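Chemist: File structure.pdb follows (PDB, C-alpha atoms and all ligand atoms):
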```
MODEL        1
ATOM      1  CA  MET A   1      72.928 101.468 128.593
ATOM      2  CA  THR A   2      74.693 100.744 125.309
ATOM      3  CA  GLN A   3      78.487 100.424 125.601
ATOM      4  CA  HIS A   4      80.470 101.642 122.581
ATOM      5  CA  PHE A   5      83.447  99.907 120.936
ATOM      6  CA  ILE A   6      85.377 100.317 117.673
ATOM      7  CA  VAL A   7      88.093  98.637 115.642
ATOM      8  CA  ILE A   8      90.500 101.112 114.043
ATOM      9  CA  GLY A   9      92.238 100.106 110.813
ATOM     10  CA  ASN A  10      93.058 100.955 107.206
ATOM     11  CA  PRO A  11      91.560  99.205 105.301
ATOM     12  CA  ILE A  12      88.815  98.199 107.717
ATOM     13  CA  ALA A  13      85.734  97.217 105.681
ATOM     14  CA  HIS A  14      86.728  93.527 105.765
ATOM     15  CA  SER A  15      87.020  93.337 109.578
ATOM     16  CA  LYS A  16      85.085  90.512 111.228
ATOM     17  CA  SER A  17      85.412  92.091 114.681
ATOM     18  CA  PRO A  18      81.878  93.619 114.834
ATOM     19  CA  GLU A  19      80.125  90.265 114.327
ATOM     20  CA  ILE A  20      82.506  88.503 116.741
ATOM     21  CA  HIS A  21      81.984  91.047 119.527
ATOM     22  CA  GLN A  22      78.212  91.192 118.978
ATOM     23  CA  THR A  23      78.210  87.408 119.442
ATOM     24  CA  PHE A  24      80.133  87.799 122.717
ATOM     25  CA  ALA A  25      77.710  90.517 123.899
ATOM     26  CA  ALA A  26      74.717  88.298 123.120
ATOM     27  CA  GLN A  27      76.344  85.431 125.040
ATOM     28  CA  VAL A  28      76.789  87.460 128.231
ATOM     29  CA  GLY A  29      73.601  89.533 127.782
ATOM     30  CA  ILE A  30      74.914  93.080 127.452
ATOM     31  CA  ASP A  31      74.021  95.802 124.952
ATOM     32  CA  ILE A  32      76.933  97.011 122.817
ATOM     33  CA  SER A  33      77.601  98.968 119.661
ATOM     34  CA  TYR A  34      80.796  97.849 117.863
ATOM     35  CA  ARG A  35      81.700  99.589 114.606
ATOM     36  CA  ARG A  36      84.543  99.682 112.096
ATOM     37  CA  GLN A  37      86.523 102.945 112.235
ATOM     38  CA  TYR A  38      88.513 103.888 109.141
ATOM     39  CA  CYS A  39      91.523 106.103 109.884
ATOM     40  CA  PRO A  40      93.998 107.834 107.532
ATOM     41  CA  ASP A  41      97.437 106.285 107.872
ATOM     42  CA  ASP A  42      99.279 108.968 109.859
ATOM     43  CA  VAL A  43     100.098 109.564 113.527
ATOM     44  CA  ALA A  44      98.011 112.728 113.979
ATOM     45  CA  SER A  45      94.883 111.115 112.545
ATOM     46  CA  PHE A  46      95.293 107.992 114.644
ATOM     47  CA  ASP A  47      95.837 109.934 117.876
ATOM     48  CA  ALA A  48      92.830 112.149 117.061
ATOM     49  CA  VAL A  49      90.563 109.153 116.407
ATOM     50  CA  VAL A  50      91.545 107.549 119.724
ATOM     51  CA  ALA A  51      91.079 110.803 121.663
ATOM     52  CA  ALA A  52      87.694 111.541 120.060
ATOM     53  CA  PHE A  53      86.463 108.020 120.758
ATOM     54  CA  PHE A  54      87.379 107.931 124.443
ATOM     55  CA  ASN A  55      86.434 111.590 125.066
ATOM     56  CA  GLY A  56      83.046 110.696 123.615
ATOM     57  CA  GLY A  57      82.514 107.964 126.203
ATOM     58  CA  GLY A  58      83.804 104.958 124.228
ATOM     59  CA  VAL A  59      84.667 101.935 126.383
ATOM     60  CA  GLY A  60      87.187 100.012 124.299
ATOM     61  CA  ALA A  61      88.927  99.958 120.933
ATOM     62  CA  ASN A  62      90.661  97.265 118.941
ATOM     63  CA  VAL A  63      93.575  98.317 116.761
ATOM     64  CA  THR A  64      94.544  96.494 113.602
ATOM     65  CA  VAL A  65      96.886  96.911 110.595
ATOM     66  CA  PRO A  66      98.673  99.331 110.205
ATOM     67  CA  PHE A  67      98.161 101.019 113.579
ATOM     68  CA  LYS A  68      99.353  98.537 116.233
ATOM     69  CA  GLN A  69     102.764 100.218 116.551
ATOM     70  CA  LEU A  70     101.208 103.714 116.662
ATOM     71  CA  ALA A  71      98.889 102.554 119.431
ATOM     72  CA  TYR A  72     101.930 101.252 121.296
ATOM     73  CA  ALA A  73     103.707 104.615 120.899
ATOM     74  CA  LEU A  74     100.618 106.510 122.081
ATOM     75  CA  CYS A  75     100.231 104.378 125.215
ATOM     76  CA  LYS A  76     103.963 104.534 125.897
ATOM     77  CA  SER A  77     103.993 108.340 125.798
ATOM     78  CA  GLN A  78     100.597 109.101 127.347
ATOM     79  CA  GLY A  79      99.432 105.994 129.159
ATOM     80  CA  ARG A  80     100.406 102.519 130.285
ATOM     81  CA  LEU A  81     101.203  99.194 128.620
ATOM     82  CA  SER A  82     100.663  95.568 129.589
ATOM     83  CA  GLU A  83     103.766  93.370 129.613
ATOM     84  CA  HIS A  84     102.641  91.615 126.420
ATOM     85  CA  ALA A  85     102.136  94.956 124.632
ATOM     86  CA  ARG A  86     105.430  96.359 125.911
ATOM     87  CA  VAL A  87     107.463  93.372 124.783
ATOM     88  CA  ALA A  88     105.625  93.042 121.456
ATOM     89  CA  GLY A  89     105.973  96.780 120.775
ATOM     90  CA  ALA A  90     102.392  96.629 119.532
ATOM     91  CA  VAL A  91      98.906  97.202 120.950
ATOM     92  CA  ASN A  92      95.683  95.626 119.694
ATOM     93  CA  THR A  93      93.432  96.554 122.636
ATOM     94  CA  LEU A  94      92.849 100.020 124.096
ATOM     95  CA  LEU A  95      90.840 100.985 127.163
ATOM     96  CA  LEU A  96      90.823 103.581 129.900
ATOM     97  CA  THR A  97      91.930 102.572 133.371
ATOM     98  CA  GLY A  98      91.922 104.466 136.630
ATOM     99  CA  ASP A  99      90.317 104.618 140.049
ATOM    100  CA  GLY A 100      86.833 105.029 138.587
ATOM    101  CA  SER A 101      86.662 108.798 138.989
ATOM    102  CA  PRO A 102      86.061 110.781 135.779
ATOM    103  CA  LYS A 103      89.316 112.696 136.333
ATOM    104  CA  ASP A 104      91.516 109.629 136.697
ATOM    105  CA  LYS A 105      91.368 108.018 133.281
ATOM    106  CA  THR A 106      94.573 106.680 131.752
ATOM    107  CA  LEU A 107      94.917 105.124 128.316
ATOM    108  CA  TYR A 108      95.957 101.487 128.640
ATOM    109  CA  GLY A 109      97.284  99.324 125.810
ATOM    110  CA  ASP A 110      97.295  95.540 125.809
ATOM    111  CA  ASN A 111      98.191  92.942 123.179
ATOM    112  CA  THR A 112      95.954  89.854 123.261
ATOM    113  CA  ASP A 113      97.133  88.262 119.978
ATOM    114  CA  GLY A 114      99.697  85.928 121.526
ATOM    115  CA  GLN A 115      97.541  84.770 124.422
ATOM    116  CA  GLY A 116      94.705  84.288 121.917
ATOM    117  CA  LEU A 117      96.973  81.905 120.002
ATOM    118  CA  VAL A 118      98.021  80.072 123.167
ATOM    119  CA  ASN A 119      94.395  79.695 124.289
ATOM    120  CA  HIS A 120      93.347  78.362 120.877
ATOM    121  CA  ILE A 121      96.195  75.847 120.706
ATOM    122  CA  THR A 122      95.380  74.675 124.228
ATOM    123  CA  SER A 123      91.681  74.320 123.342
ATOM    124  CA  LEU A 124      92.693  72.043 120.464
ATOM    125  CA  GLY A 125      94.240  69.703 123.043
ATOM    126  CA  TRP A 126      97.746  70.310 121.693
ATOM    127  CA  THR A 127     100.294  70.216 124.511
ATOM    128  CA  LEU A 128     102.566  73.241 124.837
ATOM    129  CA  THR A 129     104.363  72.168 128.012
ATOM    130  CA  ASN A 130     107.998  71.377 127.105
ATOM    131  CA  ALA A 131     107.006  71.303 123.414
ATOM    132  CA  ARG A 132     109.668  71.741 120.732
ATOM    133  CA  ILE A 133     108.347  74.583 118.597
ATOM    134  CA  ALA A 134     109.321  76.347 115.381
ATOM    135  CA  ILE A 135     107.828  79.635 114.245
ATOM    136  CA  ILE A 136     108.282  80.567 110.589
ATOM    137  CA  GLY A 137     108.131  84.325 110.040
ATOM    138  CA  ALA A 138     109.648  87.241 111.936
ATOM    139  CA  GLY A 139     107.131  90.039 111.401
ATOM    140  CA  GLY A 140     104.603  91.611 113.735
ATOM    141  CA  ALA A 141     102.615  88.427 114.296
ATOM    142  CA  ALA A 142     105.672  86.408 115.394
ATOM    143  CA  ARG A 143     106.801  89.275 117.621
ATOM    144  CA  GLY A 144     103.526  89.181 119.543
ATOM    145  CA  VAL A 145     103.343  85.449 120.216
ATOM    146  CA  ILE A 146     106.849  84.577 121.442
ATOM    147  CA  LEU A 147     106.496  85.757 125.060
ATOM    148  CA  PRO A 148     103.033  84.177 125.607
ATOM    149  CA  LEU A 149     104.304  80.878 124.155
ATOM    150  CA  ILE A 150     107.330  80.865 126.466
ATOM    151  CA  GLN A 151     105.105  81.773 129.427
ATOM    152  CA  ALA A 152     102.898  78.814 128.470
ATOM    153  CA  GLY A 153     105.832  76.542 129.300
ATOM    154  CA  ILE A 154     107.160  75.498 125.894
ATOM    155  CA  GLY A 155     110.546  73.818 125.596
ATOM    156  CA  GLN A 156     112.863  74.692 122.722
ATOM    157  CA  LEU A 157     111.896  77.525 120.341
ATOM    158  CA  THR A 158     113.382  78.101 116.887
ATOM    159  CA  LEU A 159     112.517  81.205 114.872
ATOM    160  CA  ALA A 160     112.967  80.739 111.122
ATOM    161  CA  ASN A 161     112.639  83.467 108.530
ATOM    162  CA  ARG A 162     113.236  84.012 104.801
ATOM    163  CA  THR A 163     115.503  86.921 105.782
ATOM    164  CA  LEU A 164     117.630  85.428 108.566
ATOM    165  CA  SER A 165     118.928  88.806 109.778
ATOM    166  CA  LYS A 166     115.359  89.914 110.600
ATOM    167  CA  ALA A 167     114.869  86.858 112.805
ATOM    168  CA  GLN A 168     118.110  87.607 114.638
ATOM    169  CA  VAL A 169     117.183  91.266 115.124
ATOM    170  CA  LEU A 170     113.764  90.250 116.436
ATOM    171  CA  VAL A 171     115.216  87.823 118.989
ATOM    172  CA  ASP A 172     117.790  90.425 120.090
ATOM    173  CA  GLU A 173     115.064  93.047 120.574
ATOM    174  CA  LEU A 174     112.741  90.699 122.438
ATOM    175  CA  SER A 175     115.577  89.408 124.626
ATOM    176  CA  ALA A 176     116.487  92.980 125.560
ATOM    177  CA  ALA A 177     112.841  93.724 126.431
ATOM    178  CA  SER A 178     112.133  90.575 128.436
ATOM    179  CA  ASN A 179     114.246  88.486 130.810
ATOM    180  CA  THR A 180     111.852  85.593 130.225
ATOM    181  CA  ILE A 181     112.747  85.569 126.531
ATOM    182  CA  ASN A 182     116.434  86.266 127.173
ATOM    183  CA  GLU A 183     116.687  83.271 129.507
ATOM    184  CA  HIS A 184     114.915  81.025 127.005
ATOM    185  CA  ALA A 185     117.644  81.407 124.340
ATOM    186  CA  VAL A 186     115.537  81.334 121.175
ATOM    187  CA  GLU A 187     117.409  79.849 118.195
ATOM    188  CA  THR A 188     117.220  81.360 114.700
ATOM    189  CA  CYS A 189     117.718  80.001 111.187
ATOM    190  CA  ALA A 190     116.767  80.671 107.568
ATOM    191  CA  THR A 191     113.421  79.104 106.609
ATOM    192  CA  THR A 192     115.106  76.833 104.064
ATOM    193  CA  GLU A 193     117.492  75.586 106.791
ATOM    194  CA  LEU A 194     114.703  74.563 109.175
ATOM    195  CA  THR A 195     114.919  70.765 109.456
ATOM    196  CA  GLY A 196     114.085  67.971 111.885
ATOM    197  CA  THR A 197     110.955  67.058 113.808
ATOM    198  CA  PHE A 198     109.055  69.555 115.938
ATOM    199  CA  ASP A 199     106.014  69.082 118.127
ATOM    200  CA  LEU A 200     104.481  72.210 116.614
ATOM    201  CA  ILE A 201     105.332  74.412 113.636
ATOM    202  CA  ILE A 202     103.561  77.768 113.389
ATOM    203  CA  ASN A 203     103.388  79.639 110.089
ATOM    204  CA  ALA A 204     103.516  83.318 111.020
ATOM    205  CA  THR A 205     104.405  84.565 107.548
ATOM    206  CA  SER A 206     102.085  86.544 105.306
ATOM    207  CA  ILE A 207     102.751  84.185 102.380
ATOM    208  CA  GLY A 208      99.159  82.911 102.440
ATOM    209  CA  LEU A 209      98.011  86.346 101.270
ATOM    210  CA  SER A 210     100.019  85.935  98.052
ATOM    211  CA  GLY A 211      99.044  82.337  97.274
ATOM    212  CA  ASP A 212     102.763  81.418  97.053
ATOM    213  CA  THR A 213     104.108  78.297  98.782
ATOM    214  CA  LEU A 214     106.725  78.349 101.540
ATOM    215  CA  PRO A 215     109.976  76.559 100.751
ATOM    216  CA  ILE A 216     109.860  73.666 103.253
ATOM    217  CA  ALA A 217     112.807  71.291 103.678
ATOM    218  CA  GLU A 218     112.051  67.656 102.802
ATOM    219  CA  ASP A 219     113.062  66.439 106.270
ATOM    220  CA  LEU A 220     110.990  68.998 108.206
ATOM    221  CA  ASN A 221     108.176  67.298 110.130
ATOM    222  CA  CYS A 222     105.787  68.024 112.990
ATOM    223  CA  HIS A 223     102.965  66.551 115.014
ATOM    224  CA  TYR A 224     100.927  69.750 114.837
ATOM    225  CA  ALA A 225     100.925  72.506 112.189
ATOM    226  CA  TYR A 226      99.287  75.882 112.789
ATOM    227  CA  ASP A 227      98.834  78.643 110.202
ATOM    228  CA  MET A 228      97.924  82.084 111.540
ATOM    229  CA  MET A 229      96.137  82.804 108.262
ATOM    230  CA  TYR A 230      92.502  81.781 107.868
ATOM    231  CA  GLY A 231      89.679  81.970 105.391
ATOM    232  CA  ARG A 232      91.295  80.108 102.499
ATOM    233  CA  ALA A 233      92.995  76.811 101.604
ATOM    234  CA  LEU A 234      96.504  76.940 103.017
ATOM    235  CA  PRO A 235      99.298  74.962 101.266
ATOM    236  CA  PHE A 236     101.352  74.999 104.499
ATOM    237  CA  LEU A 237      98.630  73.042 106.323
ATOM    238  CA  GLN A 238      97.972  70.764 103.335
ATOM    239  CA  HIS A 239     101.692  69.876 103.229
ATOM    240  CA  PHE A 240     101.844  68.742 106.861
ATOM    241  CA  ALA A 241      98.376  67.150 106.873
ATOM    242  CA  ALA A 242      99.562  64.917 104.021
ATOM    243  CA  ARG A 243     102.412  63.825 106.334
ATOM    244  CA  GLY A 244     100.016  62.918 109.132
ATOM    245  CA  ALA A 245     100.110  66.076 111.265
ATOM    246  CA  GLN A 246      97.061  67.583 112.947
ATOM    247  CA  THR A 247      96.446  71.069 111.569
ATOM    248  CA  SER A 248      94.600  74.291 112.311
ATOM    249  CA  ASP A 249      94.232  77.678 110.672
ATOM    250  CA  GLY A 250      94.243  80.920 112.674
ATOM    251  CA  TYR A 251      90.520  81.581 112.904
ATOM    252  CA  GLY A 252      90.449  80.379 116.509
ATOM    253  CA  MET A 253      93.316  82.771 117.291
ATOM    254  CA  LEU A 254      91.225  85.610 115.884
ATOM    255  CA  ILE A 255      88.285  84.675 118.119
ATOM    256  CA  GLY A 256      90.626  84.050 121.054
ATOM    257  CA  GLN A 257      92.294  87.467 120.920
ATOM    258  CA  ALA A 258      88.900  89.116 120.538
ATOM    259  CA  ALA A 259      87.532  87.256 123.575
ATOM    260  CA  LEU A 260      90.453  88.476 125.686
ATOM    261  CA  SER A 261      89.867  92.092 124.539
ATOM    262  CA  PHE A 262      86.179  91.763 125.401
ATOM    263  CA  GLU A 263      87.051  90.356 128.822
ATOM    264  CA  ARG A 264      89.454  93.265 129.530
ATOM    265  CA  TRP A 265      86.758  95.799 128.601
ATOM    266  CA  THR A 266      83.692  94.281 130.235
ATOM    267  CA  ALA A 267      84.981  91.840 132.910
ATOM    268  CA  HIS A 268      82.689  89.204 131.369
ATOM    269  CA  THR A 269      84.300  85.818 130.610
ATOM    270  CA  ILE A 270      83.560  84.403 127.161
ATOM    271  CA  ASP A 271      82.892  80.762 126.330
ATOM    272  CA  VAL A 272      84.975  80.805 123.147
ATOM    273  CA  THR A 273      83.831  77.362 121.933
ATOM    274  CA  GLN A 274      80.183  78.364 122.223
ATOM    275  CA  ALA A 275      80.844  81.744 120.551
ATOM    276  CA  THR A 276      82.710  80.111 117.648
ATOM    277  CA  SER A 277      79.778  77.728 117.067
ATOM    278  CA  ALA A 278      77.328  80.651 117.173
ATOM    279  CA  ILE A 279      79.367  82.626 114.609
ATOM    280  CA  GLN A 280      79.628  79.614 112.290
ATOM    281  CA  ALA A 281      75.883  78.918 112.622
ATOM    282  CA  SER A 282      75.041  82.544 111.773
ATOM    283  CA  LYS A 283      77.130  82.284 108.573
ATOM    284  CA  LYS A 284      75.102  79.295 107.397
ATOM    285  CA  ARG A 285      71.777  81.135 107.812
TER     286      ARG A 285
HETATM  287  P1  LIG B   1     104.512  91.060 108.481
HETATM  288  O1  LIG B   1     104.363  91.762 107.180
HETATM  289  O2  LIG B   1     104.902  91.836 109.681
HETATM  290  O3  LIG B   1     105.597  89.864 108.320
HETATM  291  C1  LIG B   1     105.561  89.053 107.214
HETATM  292  C2  LIG B   1     106.465  87.845 107.413
HETATM  293  O4  LIG B   1     106.204  86.930 106.341
HETATM  294  C3  LIG B   1     107.957  88.150 107.376
HETATM  295  O5  LIG B   1     108.632  87.283 108.249
HETATM  296  C4  LIG B   1     108.312  87.830 105.918
HETATM  297  O6  LIG B   1     109.666  87.442 105.722
HETATM  298  C5  LIG B   1     107.426  86.635 105.654
HETATM  299  N1  LIG B   1     107.131  86.447 104.236
HETATM  300  C6  LIG B   1     106.348  87.220 103.471
HETATM  301  N2  LIG B   1     106.317  86.745 102.209
HETATM  302  C7  LIG B   1     107.097  85.631 102.207
HETATM  303  C8  LIG B   1     107.477  84.695 101.205
HETATM  304  N3  LIG B   1     107.029  84.823  99.924
HETATM  305  N4  LIG B   1     108.287  83.687 101.541
HETATM  306  C9  LIG B   1     108.743  83.554 102.815
HETATM  307  N5  LIG B   1     108.418  84.409 103.810
HETATM  308  C10 LIG B   1     107.613  85.437 103.503
HETATM  309  O7  LIG B   1     103.113  90.294 108.711
HETATM  310  P2  LIG B   1     102.445  89.924 110.116
HETATM  311  O8  LIG B   1     103.487  89.327 110.975
HETATM  312  O9  LIG B   1     101.681  91.082 110.622
HETATM  313  O10 LIG B   1     101.349  88.828 109.703
HETATM  314  C11 LIG B   1     101.725  87.509 109.347
HETATM  315  C12 LIG B   1     100.483  86.644 109.150
HETATM  316  O11 LIG B   1      99.816  86.443 110.396
HETATM  317  C13 LIG B   1      99.443  87.263 108.209
HETATM  318  O12 LIG B   1      98.997  86.233 107.357
HETATM  319  C14 LIG B   1      98.329  87.709 109.133
HETATM  320  O13 LIG B   1      97.073  87.651 108.492
HETATM  321  C15 LIG B   1      98.427  86.661 110.236
HETATM  322  N6  LIG B   1      97.868  87.119 111.518
HETATM  323  C16 LIG B   1      96.803  86.411 112.025
HETATM  324  C17 LIG B   1      96.252  86.784 113.224
HETATM  325  C18 LIG B   1      95.082  85.996 113.743
HETATM  326  O14 LIG B   1      94.410  86.471 114.686
HETATM  327  N7  LIG B   1      94.821  84.824 113.218
HETATM  328  C19 LIG B   1      96.743  87.926 114.003
HETATM  329  C20 LIG B   1      97.889  88.578 113.383
HETATM  330  C21 LIG B   1      98.410  88.182 112.185
HETATM  331  P3  LIG B   1     110.829  88.532 105.442
HETATM  332  O15 LIG B   1     111.192  89.097 106.793
HETATM  333  O16 LIG B   1     111.914  87.763 104.824
HETATM  334  O17 LIG B   1     110.232  89.582 104.526
ENDMDL
END
```
Could you express the structure from this file as structure tokens?
Ligand code: NDP
Modeler:
Amino acid sequence: MTQHFIVIGNPIAHSKSPEIHQTFAAQVGIDISYRRQYCPDDVASFDAVVAAFFNGGGVGANVTVPFKQLAYALCKSQGRLSEHARVAGAVNTLLLTGDGSPKDKTLYGDNTDGQGLVNHITSLGWTLTNARIAIIGAGGAARGVILPLIQAGIGQLTLANRTLSKAQVLVDELSAASNTINEHAVETCATTELTGTFDLIINATSIGLSGDTLPIAEDLNCHYAYDMMYGRALPFLQHFAARGAQTSDGYGMLIGQAALSFERWTAHTIDVTQATSAIQASKKR
């Protein structure tokens, strides 16, 4: 029997999720339908789309910009949240949980973005244990990755942002939501003040969308540089590659978070390396 999935967003036409999840389904041999679901940008429309989908027998939904916070609010008021979703204040994966009976179905919200990043970094062979890490950017993407990174055993974490006050507010909010983060004592600074040598620097800003270049201090260096953006040449990665760092864009994070969503929905484990190769091969055909 075909299992039904959607990704809800606005805009949504560009989403790569259908091809990624169809690749996963082919890998584990199950029959799925996965479609893009446009939704008007208001609470009532979002809640109605989610209700209609699950009432109609849908198995799982991904949630993307601008609805991750609305999905969080919906699960908080009517369902349950994973720890990662609760601390991030954002949900990218929806499913129904319960004891299996038709009457016991509860909406459940998870956030797989951060663990997707951790899994991708680990698959690159980059060591996170005790690593000295800087994240640049204090928006939704940074919010979702801090707890999974700390749980992965990193050492010191510095959060840098163009607007310093937003970084401080983010750390305060995350520390209040999670003892793990509170005990880790995340440092903050303005992006232009970020200096020294880190094991890993992660660009979690949206600057790549604009084509602008981040202001990077002359004495800022790293062994590994990761940009959450993908699909275009990224000056942030070019800068650190020229200084000898290993680099990666965020395409593997995209596949990684999708694999975790798929695993939550279907209980099938995905070979992410094999799936990534299959997706790249299909693009060349
Ligand atoms: P937000 O809009 O929530 O945050 C944007 C961040 O970028 C803020 O910290 C902002 O700083 C900073 N910023 C924007 N423009 C500039 C600039 N010109 N100079 C310096 N800093 C700037 O975006 P998200 O957190 O949702 O997304 C960030 C990036 O992560 C995007 O590129 C997105 O595509 C990517 N992403 C990738 C994923 C993946 O799976 N690979 C998953 C999720 C996100 P300030 O606070 O000062 O405005």
Chemist: In the coordinates of the file, take the point (115.4, 82.5, 126.1) and a cut-off of 12 Å; then, counting all atoms listed in the file, name each qualifying protein, DNA or RNA residue as a VMD selection string.
Modeler: chain A and resid 146 to 147 149 to 151 153 to 159 171 to 188
Chemist: Excluding Tyr226 (chain A) and residues on its chain fewer than 6 positions from it, collect all residues at most 6 Å away from it, counting only C-alpha atoms, and give them as a VMD selection string.
Modeler: chain A and resid 202 247 to 249
Chemist: So that I can see what lies close to Asp212 (chain A), please list as a PDB file with C-alpha atoms, in the coordinates of the input the residues with an atom at most 10 Å from it, counting all atoms listed in the file and leaving out residues fewer than 3 positions away in the same chain.
Modeler:
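The new file part_18.pdb reads:
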```pdb
ATOM      1  CA  SER A 206     102.085  86.544 105.306  1.00  0.00           C
ATOM      2  CA  ILE A 207     102.751  84.185 102.380  1.00  0.00           C
ATOM      3  CA  GLY A 208      99.159  82.911 102.440  1.00  0.00           C
ATOM      4  CA  LEU A 209      98.011  86.346 101.270  1.00  0.00           C
ATOM      5  CA  PRO A 215     109.976  76.559 100.751  1.00  0.00           C
ATOM      6  CA  LEU A 234      96.504  76.940 103.017  1.00  0.00           C
ATOM      7  CA  PRO A 235      99.298  74.962 101.266  1.00  0.00           C
ATOM      8  CA  PHE A 236     101.352  74.999 104.499  1.00  0.00           C
TER       9      PHE A 236
END
```
Chemist: Go through chain A residue by residue and, counting only C-alpha atoms and all ligand atoms, keep those with an atom at most 7 Å from ligand LIG 1 (chain B); for each kept residue give the shortest atom pair and its distance in Å to one decimal, ordered by chain and increasing number, as a Markdown table.
Modeler:
```
| residue | atom | partner | partner_atom | distance |
| --- | --- | --- | --- | --- |
| A:Asp113 | CA | B:LIG1 | C19 | 6.0 |
| A:Gly137 | CA | B:LIG1 | O5 | 3.5 |
| A:Ala138 | CA | B:LIG1 | O5 | 3.8 |
| A:Gly139 | CA | B:LIG1 | O2 | 3.3 |
| A:Gly140 | CA | B:LIG1 | O8 | 3.8 |
| A:Ala141 | CA | B:LIG1 | O8 | 3.5 |
| A:Ala142 | CA | B:LIG1 | O8 | 5.7 |
| A:Asn161 | CA | B:LIG1 | O5 | 5.5 |
| A:Arg162 | CA | B:LIG1 | O16 | 4.0 |
| A:Thr163 | CA | B:LIG1 | O16 | 3.8 |
| A:Lys166 | CA | B:LIG1 | O15 | 5.7 |
| A:Ala204 | CA | B:LIG1 | C11 | 4.9 |
| A:Thr205 | CA | B:LIG1 | O4 | 3.2 |
| A:Ser206 | CA | B:LIG1 | O12 | 3.7 |
| A:Ile207 | CA | B:LIG1 | N2 | 4.4 |
| A:Gly208 | CA | B:LIG1 | O12 | 5.9 |
| A:Leu209 | CA | B:LIG1 | O12 | 6.2 |
| A:Asp212 | CA | B:LIG1 | N3 | 6.2 |
| A:Leu214 | CA | B:LIG1 | N4 | 5.6 |
| A:Met228 | CA | B:LIG1 | N7 | 4.5 |
| A:Met229 | CA | B:LIG1 | O12 | 4.6 |
| A:Tyr230 | CA | B:LIG1 | N7 | 6.6 |
| A:Gly250 | CA | B:LIG1 | N7 | 4.0 |
| A:Tyr251 | CA | B:LIG1 | N7 | 5.4 |
| A:Met253 | CA | B:LIG1 | O14 | 4.7 |
| A:Leu254 | CA | B:LIG1 | O14 | 3.5 |
| A:Gln257 | CA | B:LIG1 | O14 | 6.7 |
```
Chemist: How many Å lie between CA of Ala131 (chain A) and CA of Ala88 (chain A), rounded to one decimal?
Modeler: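 Result for CA of Ala131 (chain A) versus CA of Ala88 (chain A): 21.9 Å, one decimal.
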Chemist: Set the distance at 12 Å and use all atoms listed in the file: which residues neighbour His14 (chain A) once local chain neighbours fewer than 6 positions away are removed? I'd like the list as a list in words.
Modeler: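 Close residues of His14 (chain A): Val7, Ile8, Arg35, Arg36, Gln37, Tyr38, Thr64, Val65 and Gly231 of chain A.
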Chemist: What is the distance, in Å and to one decimal place, between CA of Arg232 (chain A) and CA of Lys284 (chain A)?
Modeler: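 Separation between CA of Arg232 (chain A) and CA of Lys284 (chain A): 16.9 Å.
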Chemist: Assuming the chain letters and numbering stay as they are in my file, what does the PyMOL selection byres (((chain A and resi 4) around 8) and not hetatm) actually select? List them as an MDAnalysis selection string.
Modeler: chainID A and resid 2:3 5:6 32:34 57:60
Chemist: Give as a ChimeraX atom specification every residue, naming chains and numbers as the document does, that has an atom within 7 Å of (93.0, 97.1, 107.0), counting all atoms listed in the file.
Modeler: /A:9-12,64-66
Chemist: Please produce an output containing C-alpha atoms for each residue in the selection, written as a PDB file, in the coordinates of the input.
Modeler:
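What follows is the written file result_38.pdb:
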```pdb
ATOM      1  CA  GLY A   9      92.238 100.106 110.813  1.00  0.00           C
ATOM      2  CA  ASN A  10      93.058 100.955 107.206  1.00  0.00           C
ATOM      3  CA  PRO A  11      91.560  99.205 105.301  1.00  0.00           C
ATOM      4  CA  ILE A  12      88.815  98.199 107.717  1.00  0.00           C
ATOM      5  CA  THR A  64      94.544  96.494 113.602  1.00  0.00           C
ATOM      6  CA  VAL A  65      96.886  96.911 110.595  1.00  0.00           C
ATOM      7  CA  PRO A  66      98.673  99.331 110.205  1.00  0.00           C
TER       8      PRO A  66
END
```
